[in-house]
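Below is one structure, written out as structure tokens; comments come after it.
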Amino acid sequence: MHEATVAQSLVEAILQEARQQRARPIRAKLSCGELNKVNDEVLSFAFQAVAEGTPCEGMVLQIEHKPLQAKCRACGDVFALDVSSARCPACQREDFELLPDAPLVLDEIEFERADDGED
Amino acid sequence: MEKIDVGRKILSANDTYALKNKQLLARYGKPCFNLISSPGSGKTALLVRTIRDLMASLRVGVIEGDLQTDLDAERIRATQAPAIQINTEGACHLSAAQVNQALEKLPVANLDVVFIENVGNLVCPSAFELGEDGKIVVLSVAEGDDKPVKYPGIFAKSQVLLVNKIDLLEGALVDFDLDRVRTDARRLNQSLEIFPVSAKTGAGMSRWYDWLTNRIRAR
């Protein structure tokens, strides 16, 4: 449910970049980790609602989900962790440490310039 | 068409306030803990019991988060401890900015510890740092022993797990496998402290009090 808060922050961040670029944003790439994850459909819906009437209206969001990673204490293998059946795929042990989860990040914005010769 | 790299944390506005809260608490040298759980796990009951049992040695202040009403703040104030109620009016979590306003109303200088009781929700509150020293997750036995697997985020990020309402395990009033919770939660978080307690009978509370007083002294 906190996708609404994320959408609000996201629109504000993109509008700020758009003012600096003096261009229209058309697509944004975001990424998030497994523990900081957002639901794509809910975020896109909330984003369109917040973006209405702003230069962000109609933008396309691409959300990359980064898996939670763990490091096996026994064999040192670093692997993408499935929390429901959590074990090291290399040695089958259950002794591992969680690596820091990827935060929710706005990675890239694609702009369309109305007049490319202006700058 | 032109792409630019941004590389910006989306919740950075919240993080800015979280840092302000951390600095404010550090200025007074007061620890702060963020209680997170489902609705009805007994967060307020645990706080009321803790405040009453440690009244002689510990001055507690509480920031209460709920969608509506100040019922929880009133329960805290009945112990004579100061409490500030935040009504999120629909929002599913407390934000660091809301906590910042509440901290300004609390007499922080005259307290030993600040508790933030977050909105009842095992998901969203775990994504918003409030400037706390640690998160404490509460799970009551009636909710079931599968919660660490179903909601891993909060169990991975917390320092303490209080398993509440253990009085219901007597006479097998509910099916709850404490060992399963221990195994599943520790798999995600090896340093997690787990205290089975009953805020109603007081069972197990002394180990939680020991942890809390040691943390406050260590600050």
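So you can find residues: chains in the structure tokens are A, B, ... in the order shown, residues in each start at 1, and ligands are numbered from 1 in order.
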
Let's see if you can do this: from backbone DSSP, list all strand (DSSP E or B) residues in region 25-214 of chain B, as an mmCIF file with N, CA and C atoms, in the first residue's frame.
```
data_model
loop_
_atom_site.group_PDB
_atom_site.id
_atom_site.type_symbol
_atom_site.label_atom_id
_atom_site.label_comp_id
_atom_site.auth_asym_id
_atom_site.auth_seq_id
_atom_site.Cartn_x
_atom_site.Cartn_y
_atom_site.Cartn_z
ATOM 1 N N CYS B 32 15.976 5.101 20.823
ATOM 2 C CA CYS B 32 14.608 5.099 20.282
ATOM 3 C C CYS B 32 14.374 3.786 19.537
ATOM 4 N N PHE B 33 13.233 3.161 19.803
ATOM 5 C CA PHE B 33 12.913 1.890 19.156
ATOM 6 C C PHE B 33 11.557 1.980 18.458
ATOM 7 N N ASN B 34 11.497 1.347 17.287
ATOM 8 C CA ASN B 34 10.333 1.391 16.411
ATOM 9 C C ASN B 34 9.625 0.033 16.470
ATOM 10 N N LEU B 35 8.429 0.001 17.077
ATOM 11 C CA LEU B 35 7.675 -1.255 17.222
ATOM 12 C C LEU B 35 6.778 -1.486 16.012
ATOM 13 N N ILE B 36 6.948 -2.635 15.387
ATOM 14 C CA ILE B 36 6.199 -2.949 14.167
ATOM 15 C C ILE B 36 5.525 -4.320 14.317
ATOM 16 N N SER B 37 4.257 -4.393 13.924
ATOM 17 C CA SER B 37 3.542 -5.680 13.979
ATOM 18 C C SER B 37 2.235 -5.561 13.219
ATOM 19 N N VAL B 60 9.781 6.576 30.183
ATOM 20 C CA VAL B 60 9.471 6.204 28.797
ATOM 21 C C VAL B 60 8.567 7.267 28.159
ATOM 22 N N GLY B 61 8.836 7.603 26.905
ATOM 23 C CA GLY B 61 7.927 8.438 26.113
ATOM 24 C C GLY B 61 7.526 7.664 24.874
ATOM 25 N N VAL B 62 6.284 7.874 24.408
ATOM 26 C CA VAL B 62 5.777 7.066 23.302
ATOM 27 C C VAL B 62 5.182 7.949 22.205
ATOM 28 N N ILE B 63 5.503 7.587 20.964
ATOM 29 C CA ILE B 63 4.840 8.179 19.802
ATOM 30 C C ILE B 63 3.946 7.095 19.225
ATOM 31 N N GLU B 64 2.644 7.379 19.164
ATOM 32 C CA GLU B 64 1.658 6.389 18.728
ATOM 33 C C GLU B 64 1.215 6.679 17.302
ATOM 34 N N GLY B 65 1.202 5.663 16.443
ATOM 35 C CA GLY B 65 0.714 5.827 15.084
ATOM 36 C C GLY B 65 -0.505 4.963 14.834
ATOM 37 N N ASP B 66 -1.600 5.584 14.396
ATOM 38 C CA ASP B 66 -2.812 4.855 14.013
ATOM 39 C C ASP B 66 -3.494 5.614 12.900
ATOM 40 N N ALA B 83 2.647 10.687 25.874
ATOM 41 C CA ALA B 83 2.418 10.030 24.588
ATOM 42 C C ALA B 83 1.884 11.051 23.595
ATOM 43 N N ILE B 84 2.402 10.990 22.382
ATOM 44 C CA ILE B 84 1.927 11.847 21.296
ATOM 45 C C ILE B 84 1.282 10.948 20.246
ATOM 46 N N GLN B 85 0.048 11.250 19.902
ATOM 47 C CA GLN B 85 -0.658 10.437 18.911
ATOM 48 C C GLN B 85 -0.529 11.055 17.522
ATOM 49 N N ILE B 86 -0.138 10.240 16.547
ATOM 50 C CA ILE B 86 -0.170 10.653 15.143
ATOM 51 C C ILE B 86 -1.304 9.884 14.477
ATOM 52 N N ASN B 87 -2.198 10.595 13.777
ATOM 53 C CA ASN B 87 -3.233 9.930 12.965
ATOM 54 C C ASN B 87 -2.829 10.045 11.503
ATOM 55 N N VAL B 113 14.067 6.709 27.276
ATOM 56 C CA VAL B 113 13.906 5.984 26.020
ATOM 57 C C VAL B 113 12.611 6.434 25.325
ATOM 58 N N VAL B 114 12.648 6.443 23.997
ATOM 59 C CA VAL B 114 11.457 6.782 23.214
ATOM 60 C C VAL B 114 11.044 5.538 22.413
ATOM 61 N N PHE B 115 9.777 5.171 22.521
ATOM 62 C CA PHE B 115 9.229 4.102 21.674
ATOM 63 C C PHE B 115 8.307 4.731 20.629
ATOM 64 N N ILE B 116 8.434 4.240 19.401
ATOM 65 C CA ILE B 116 7.494 4.614 18.354
ATOM 66 C C ILE B 116 6.641 3.385 18.086
ATOM 67 N N GLU B 117 5.341 3.482 18.304
ATOM 68 C CA GLU B 117 4.458 2.359 17.963
ATOM 69 C C GLU B 117 3.893 2.637 16.584
ATOM 70 N N GLY B 134 16.702 0.973 16.547
ATOM 71 C CA GLY B 134 16.418 -0.405 16.175
ATOM 72 C C GLY B 134 14.931 -0.634 16.006
ATOM 73 N N LYS B 135 14.625 -1.648 15.198
ATOM 74 C CA LYS B 135 13.234 -2.042 15.027
ATOM 75 C C LYS B 135 12.957 -3.246 15.926
ATOM 76 N N ILE B 136 11.751 -3.265 16.487
ATOM 77 C CA ILE B 136 11.326 -4.398 17.298
ATOM 78 C C ILE B 136 10.050 -4.932 16.668
ATOM 79 N N VAL B 137 10.085 -6.185 16.241
ATOM 80 C CA VAL B 137 8.893 -6.757 15.621
ATOM 81 C C VAL B 137 8.149 -7.586 16.666
ATOM 82 N N VAL B 138 6.835 -7.415 16.694
ATOM 83 C CA VAL B 138 5.989 -8.159 17.630
ATOM 84 C C VAL B 138 5.127 -9.119 16.823
ATOM 85 N N LEU B 139 5.096 -10.367 17.251
ATOM 86 C CA LEU B 139 4.256 -11.383 16.608
ATOM 87 C C LEU B 139 3.493 -12.100 17.711
ATOM 88 N N SER B 140 2.155 -12.067 17.653
ATOM 89 C CA SER B 140 1.401 -12.790 18.680
ATOM 90 C C SER B 140 1.089 -14.191 18.169
ATOM 91 N N VAL B 160 14.975 -7.174 17.583
ATOM 92 C CA VAL B 160 14.293 -8.004 18.580
ATOM 93 C C VAL B 160 12.971 -8.508 18.007
ATOM 94 N N LEU B 161 12.657 -9.750 18.322
ATOM 95 C CA LEU B 161 11.327 -10.299 18.047
ATOM 96 C C LEU B 161 10.681 -10.629 19.387
ATOM 97 N N LEU B 162 9.566 -9.956 19.677
ATOM 98 C CA LEU B 162 8.784 -10.294 20.863
ATOM 99 C C LEU B 162 7.630 -11.180 20.409
ATOM 100 N N VAL B 163 7.645 -12.442 20.839
ATOM 101 C CA VAL B 163 6.536 -13.350 20.521
ATOM 102 C C VAL B 163 5.544 -13.224 21.662
ATOM 103 N N ASN B 164 4.437 -12.531 21.410
ATOM 104 C CA ASN B 164 3.513 -12.152 22.485
ATOM 105 C C ASN B 164 2.336 -13.143 22.609
ATOM 106 N N GLU B 193 17.313 -11.135 18.448
ATOM 107 C CA GLU B 193 17.004 -11.585 19.811
ATOM 108 C C GLU B 193 15.530 -11.961 19.851
ATOM 109 N N ILE B 194 15.217 -13.148 20.359
ATOM 110 C CA ILE B 194 13.827 -13.594 20.381
ATOM 111 C C ILE B 194 13.375 -13.805 21.826
ATOM 112 N N PHE B 195 12.344 -13.069 22.236
ATOM 113 C CA PHE B 195 11.822 -13.191 23.595
ATOM 114 C C PHE B 195 10.346 -13.588 23.554
ATOM 115 N N PRO B 196 10.012 -14.822 23.941
ATOM 116 C CA PRO B 196 8.602 -15.190 24.067
ATOM 117 C C PRO B 196 8.039 -14.571 25.355
#
```

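Here is the contact set of chain A against chain B, at 6 Å and counting only C-alpha atoms: His2, Leu10, Leu35, Ser84, Leu104, Val105, Leu106, Asp107, Glu108, Ile109, Glu110, Phe111 and Glu112 of chain A.
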
Dump as a PDB file, in the first residue's frame, selection limited to N, CA and C atoms:
```pdb
ATOM      1  N   HIS A   2       2.129   1.188   0.393  1.00  0.00           N
ATOM      2  CA  HIS A   2       2.903   2.423   0.441  1.00  0.00           C
ATOM      3  C   HIS A   2       3.377   2.844  -0.945  1.00  0.00           C
ATOM      4  N   LEU A  10       8.413   9.766  -6.415  1.00  0.00           N
ATOM      5  CA  LEU A  10       8.950   9.510  -7.750  1.00  0.00           C
ATOM      6  C   LEU A  10       8.592  10.641  -8.708  1.00  0.00           C
ATOM      7  N   LEU A  35      13.491  -7.091  -0.283  1.00  0.00           N
ATOM      8  CA  LEU A  35      12.903  -6.654   0.985  1.00  0.00           C
ATOM      9  C   LEU A  35      12.324  -5.249   0.873  1.00  0.00           C
ATOM     10  N   SER A  84      11.787 -18.839   1.042  1.00  0.00           N
ATOM     11  CA  SER A  84      10.929 -19.934   1.488  1.00  0.00           C
ATOM     12  C   SER A  84      11.668 -21.273   1.553  1.00  0.00           C
ATOM     13  N   LEU A 104      15.313   1.189  -3.034  1.00  0.00           N
ATOM     14  CA  LEU A 104      14.431   1.619  -4.111  1.00  0.00           C
ATOM     15  C   LEU A 104      15.082   2.829  -4.785  1.00  0.00           C
ATOM     16  N   VAL A 105      15.473   2.664  -6.057  1.00  0.00           N
ATOM     17  CA  VAL A 105      16.257   3.710  -6.720  1.00  0.00           C
ATOM     18  C   VAL A 105      15.649   4.080  -8.073  1.00  0.00           C
ATOM     19  N   LEU A 106      15.663   5.393  -8.353  1.00  0.00           N
ATOM     20  CA  LEU A 106      15.329   5.894  -9.694  1.00  0.00           C
ATOM     21  C   LEU A 106      16.638   5.882 -10.474  1.00  0.00           C
ATOM     22  N   ASP A 107      16.779   4.941 -11.416  1.00  0.00           N
ATOM     23  CA  ASP A 107      18.062   4.743 -12.095  1.00  0.00           C
ATOM     24  C   ASP A 107      18.240   5.645 -13.313  1.00  0.00           C
ATOM     25  N   GLU A 108      17.191   5.773 -14.119  1.00  0.00           N
ATOM     26  CA  GLU A 108      17.371   6.411 -15.424  1.00  0.00           C
ATOM     27  C   GLU A 108      16.058   7.036 -15.893  1.00  0.00           C
ATOM     28  N   ILE A 109      16.169   8.181 -16.546  1.00  0.00           N
ATOM     29  CA  ILE A 109      14.981   8.804 -17.156  1.00  0.00           C
ATOM     30  C   ILE A 109      15.267   9.044 -18.634  1.00  0.00           C
ATOM     31  N   GLU A 110      14.272   8.765 -19.445  1.00  0.00           N
ATOM     32  CA  GLU A 110      14.408   9.016 -20.883  1.00  0.00           C
ATOM     33  C   GLU A 110      13.573  10.254 -21.224  1.00  0.00           C
ATOM     34  N   PHE A 111      14.192  11.218 -21.889  1.00  0.00           N
ATOM     35  CA  PHE A 111      13.496  12.463 -22.220  1.00  0.00           C
ATOM     36  C   PHE A 111      13.289  12.609 -23.725  1.00  0.00           C
ATOM     37  N   GLU A 112      12.276  13.361 -24.037  1.00  0.00           N
ATOM     38  CA  GLU A 112      12.030  13.701 -25.425  1.00  0.00           C
ATOM     39  C   GLU A 112      12.154  15.226 -25.505  1.00  0.00           C
TER      40      GLU A 112
END
```

Any idea what's packed within 10 Å of Ala81 (chain B), counting only C-alpha atoms, ignoring anything in its chain fewer than 5 positions away? Could you give it as JSON, numbers by chain?
-> {"B": [48, 51, 52, 55, 59, 60, 61, 62, 73, 74, 75, 76, 111]}

Save the residues we just selected, C-alpha atoms, as a PDB file, in the first residue's frame?
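Result went into again_9.pdb, see below:
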```
ATOM      1  CA  VAL B  48       1.884  -0.345  29.047  1.00  0.00           C
ATOM      2  CA  ILE B  51       6.208   1.227  31.474  1.00  0.00           C
ATOM      3  CA  ARG B  52       4.405   0.060  34.654  1.00  0.00           C
ATOM      4  CA  MET B  55       8.398   2.810  36.322  1.00  0.00           C
ATOM      5  CA  ARG B  59      11.207   7.158  32.042  1.00  0.00           C
ATOM      6  CA  VAL B  60       9.471   6.204  28.797  1.00  0.00           C
ATOM      7  CA  GLY B  61       7.927   8.438  26.113  1.00  0.00           C
ATOM      8  CA  VAL B  62       5.777   7.066  23.302  1.00  0.00           C
ATOM      9  CA  ALA B  73      -2.096   7.376  23.376  1.00  0.00           C
ATOM     10  CA  GLU B  74      -4.762   7.489  26.110  1.00  0.00           C
ATOM     11  CA  ARG B  75      -3.784   3.973  27.262  1.00  0.00           C
ATOM     12  CA  ILE B  76      -0.150   5.090  27.494  1.00  0.00           C
ATOM     13  CA  LEU B 111      13.082  10.656  29.180  1.00  0.00           C
TER      14      LEU B 111
END
```

Selection near Gly202 (chain B), 10 Å with only C-alpha atoms, sequence-local residues under 5 positions removed, as a PDB file with N, CA and C atoms, in the first residue's frame:
```
ATOM      1  N   LEU B  46       2.058  -4.351  25.489  1.00  0.00           N
ATOM      2  CA  LEU B  46       3.461  -4.580  25.851  1.00  0.00           C
ATOM      3  C   LEU B  46       4.103  -3.302  26.386  1.00  0.00           C
ATOM      4  N   ARG B  49       2.645  -2.485  29.920  1.00  0.00           N
ATOM      5  CA  ARG B  49       3.234  -3.375  30.940  1.00  0.00           C
ATOM      6  C   ARG B  49       4.689  -2.986  31.225  1.00  0.00           C
ATOM      7  N   THR B  50       5.439  -2.715  30.145  1.00  0.00           N
ATOM      8  CA  THR B  50       6.851  -2.349  30.298  1.00  0.00           C
ATOM      9  C   THR B  50       6.978  -1.055  31.109  1.00  0.00           C
ATOM     10  N   ASP B  53       6.003  -1.796  34.817  1.00  0.00           N
ATOM     11  CA  ASP B  53       6.957  -2.651  35.540  1.00  0.00           C
ATOM     12  C   ASP B  53       8.283  -1.943  35.798  1.00  0.00           C
ATOM     13  N   LYS B 165       1.653 -13.042  23.732  1.00  0.00           N
ATOM     14  CA  LYS B 165       0.455 -13.851  24.059  1.00  0.00           C
ATOM     15  C   LYS B 165       0.803 -15.330  24.234  1.00  0.00           C
ATOM     16  N   ILE B 166       1.994 -15.621  24.775  1.00  0.00           N
ATOM     17  CA  ILE B 166       2.363 -17.034  24.948  1.00  0.00           C
ATOM     18  C   ILE B 166       1.490 -17.733  25.990  1.00  0.00           C
ATOM     19  N   ASP B 167       0.717 -16.965  26.778  1.00  0.00           N
ATOM     20  CA  ASP B 167      -0.228 -17.588  27.723  1.00  0.00           C
ATOM     21  C   ASP B 167      -1.270 -18.422  26.967  1.00  0.00           C
ATOM     22  N   VAL B 197       6.953 -13.823  25.228  1.00  0.00           N
ATOM     23  CA  VAL B 197       6.426 -13.078  26.376  1.00  0.00           C
ATOM     24  C   VAL B 197       4.902 -13.126  26.420  1.00  0.00           C
TER      25      VAL B 197
END
```

Give me the residues within 9 Å of Pro100 (chain A) as a VMD selection string, counting only C-alpha atoms and dropping any in the same chain fewer than 2 places off.
-> chain A and resid 68 to 70 98 102 to 103

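Of the residues listed (A:Glu94, A:Glu3, A:Glu17, A:Asp101), A:Glu3 shows the shortest atom-to-atom separation from Phe45 (chain A); distances use only C-alpha atoms.
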
So which bits of chain A end up helix (DSSP H, G or I) when you DSSP the backbone, as a PyMOL selection string?
-> chain A and resi 3-21+40-51+83-85

Keeping N, CA and C atoms for every residue in the selection just given, could you write it to a file as a JSON list (two decimals), in the first residue's frame?
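out_0.json written:
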```json
[["chain", "number", "residue", "atom", "x", "y", "z"],
["A", 3, "GLU", "N", 2.92, 2.15, -1.98],
["A", 3, "GLU", "CA", 3.23, 2.54, -3.35],
["A", 3, "GLU", "C", 2.77, 3.97, -3.64],
["A", 4, "ALA", "N", 1.70, 4.43, -2.96],
["A", 4, "ALA", "CA", 1.23, 5.80, -3.17],
["A", 4, "ALA", "C", 2.30, 6.81, -2.74],
["A", 5, "THR", "N", 2.94, 6.54, -1.60],
["A", 5, "THR", "CA", 4.02, 7.41, -1.12],
["A", 5, "THR", "C", 5.19, 7.36, -2.08],
["A", 6, "VAL", "N", 5.51, 6.16, -2.56],
["A", 6, "VAL", "CA", 6.61, 6.00, -3.51],
["A", 6, "VAL", "C", 6.31, 6.76, -4.79],
["A", 7, "ALA", "N", 5.06, 6.65, -5.28],
["A", 7, "ALA", "CA", 4.67, 7.33, -6.52],
["A", 7, "ALA", "C", 4.80, 8.84, -6.38],
["A", 8, "GLN", "N", 4.37, 9.37, -5.24],
["A", 8, "GLN", "CA", 4.46, 10.81, -4.98],
["A", 8, "GLN", "C", 5.93, 11.27, -5.02],
["A", 9, "SER", "N", 6.81, 10.54, -4.34],
["A", 9, "SER", "CA", 8.24, 10.90, -4.30],
["A", 9, "SER", "C", 8.86, 10.78, -5.69],
["A", 10, "LEU", "N", 8.41, 9.77, -6.41],
["A", 10, "LEU", "CA", 8.95, 9.51, -7.75],
["A", 10, "LEU", "C", 8.59, 10.64, -8.71],
["A", 11, "VAL", "N", 7.32, 11.05, -8.70],
["A", 11, "VAL", "CA", 6.89, 12.15, -9.57],
["A", 11, "VAL", "C", 7.66, 13.42, -9.23],
["A", 12, "GLU", "N", 7.83, 13.70, -7.94],
["A", 12, "GLU", "CA", 8.58, 14.90, -7.54],
["A", 12, "GLU", "C", 10.01, 14.85, -8.04],
["A", 13, "ALA", "N", 10.65, 13.68, -7.92],
["A", 13, "ALA", "CA", 12.04, 13.54, -8.35],
["A", 13, "ALA", "C", 12.17, 13.71, -9.87],
["A", 14, "ILE", "N", 11.22, 13.13, -10.61],
["A", 14, "ILE", "CA", 11.29, 13.22, -12.08],
["A", 14, "ILE", "C", 11.02, 14.65, -12.55],
["A", 15, "LEU", "N", 10.05, 15.32, -11.89],
["A", 15, "LEU", "CA", 9.74, 16.71, -12.27],
["A", 15, "LEU", "C", 10.95, 17.62, -12.05],
["A", 16, "GLN", "N", 11.67, 17.35, -10.96],
["A", 16, "GLN", "CA", 12.86, 18.15, -10.67],
["A", 16, "GLN", "C", 13.92, 17.97, -11.77],
["A", 17, "GLU", "N", 14.13, 16.73, -12.18],
["A", 17, "GLU", "CA", 15.09, 16.45, -13.26],
["A", 17, "GLU", "C", 14.61, 17.06, -14.58],
["A", 18, "ALA", "N", 13.30, 16.97, -14.80],
["A", 18, "ALA", "CA", 12.74, 17.48, -16.07],
["A", 18, "ALA", "C", 12.92, 19.00, -16.17],
["A", 19, "ARG", "N", 12.78, 19.69, -15.02],
["A", 19, "ARG", "CA", 12.98, 21.15, -15.04],
["A", 19, "ARG", "C", 14.42, 21.48, -15.40],
["A", 20, "GLN", "N", 15.35, 20.69, -14.85],
["A", 20, "GLN", "CA", 16.77, 20.92, -15.16],
["A", 20, "GLN", "C", 17.08, 20.63, -16.62],
["A", 21, "GLN", "N", 16.47, 19.57, -17.14],
["A", 21, "GLN", "CA", 16.74, 19.16, -18.52],
["A", 21, "GLN", "C", 15.93, 19.97, -19.53],
["A", 40, "ASP", "N", 4.58, -3.77, -9.08],
["A", 40, "ASP", "CA", 4.65, -3.01, -10.34],
["A", 40, "ASP", "C", 3.30, -2.40, -10.73],
["A", 41, "GLU", "N", 2.28, -3.23, -10.66],
["A", 41, "GLU", "CA", 0.96, -2.80, -11.12],
["A", 41, "GLU", "C", 0.41, -1.70, -10.22],
["A", 42, "VAL", "N", 0.57, -1.90, -8.90],
["A", 42, "VAL", "CA", 0.04, -0.91, -7.95],
["A", 42, "VAL", "C", 0.82, 0.40, -8.07],
["A", 43, "LEU", "N", 2.15, 0.30, -8.23],
["A", 43, "LEU", "CA", 2.96, 1.51, -8.35],
["A", 43, "LEU", "C", 2.61, 2.26, -9.64],
["A", 44, "SER", "N", 2.47, 1.53, -10.74],
["A", 44, "SER", "CA", 2.14, 2.18, -12.01],
["A", 44, "SER", "C", 0.80, 2.89, -11.94],
["A", 45, "PHE", "N", -0.16, 2.23, -11.30],
["A", 45, "PHE", "CA", -1.49, 2.83, -11.13],
["A", 45, "PHE", "C", -1.41, 4.10, -10.29],
["A", 46, "ALA", "N", -0.69, 4.00, -9.16],
["A", 46, "ALA", "CA", -0.55, 5.17, -8.27],
["A", 46, "ALA", "C", 0.21, 6.28, -8.98],
["A", 47, "PHE", "N", 1.22, 5.90, -9.76],
["A", 47, "PHE", "CA", 2.03, 6.88, -10.48],
["A", 47, "PHE", "C", 1.17, 7.68, -11.46],
["A", 48, "GLN", "N", 0.33, 6.97, -12.24],
["A", 48, "GLN", "CA", -0.51, 7.66, -13.22],
["A", 48, "GLN", "C", -1.48, 8.61, -12.53],
["A", 49, "ALA", "N", -1.97, 8.20, -11.36],
["A", 49, "ALA", "CA", -2.90, 9.05, -10.62],
["A", 49, "ALA", "C", -2.20, 10.33, -10.15],
["A", 50, "VAL", "N", -0.99, 10.19, -9.61],
["A", 50, "VAL", "CA", -0.26, 11.35, -9.10],
["A", 50, "VAL", "C", 0.23, 12.23, -10.26],
["A", 51, "ALA", "N", 0.58, 11.57, -11.40],
["A", 51, "ALA", "CA", 1.19, 12.29, -12.52],
["A", 51, "ALA", "C", 0.19, 13.09, -13.34],
["A", 83, "VAL", "N", 13.63, -17.03, 0.02],
["A", 83, "VAL", "CA", 13.44, -17.10, 1.47],
["A", 83, "VAL", "C", 12.61, -18.29, 1.93],
["A", 84, "SER", "N", 11.79, -18.84, 1.04],
["A", 84, "SER", "CA", 10.93, -19.93, 1.49],
["A", 84, "SER", "C", 11.67, -21.27, 1.55],
["A", 85, "SER", "N", 12.73, -21.42, 0.75],
["A", 85, "SER", "CA", 13.50, -22.66, 0.83],
["A", 85, "SER", "C", 14.98, -22.30, 0.91]]
```

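Interatomic distance, CA of Leu173 (chain B) against CA of Thr44 (chain B): 22.5 Å.
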
Fewer than 2 positions away in the same chain doesn't count, so skip those; otherwise give me all residues within 9 Å of Arg93 (chain A), counting only C-alpha atoms, as number ranges by chain.
-> A: 72-75, 86-91, 95-96
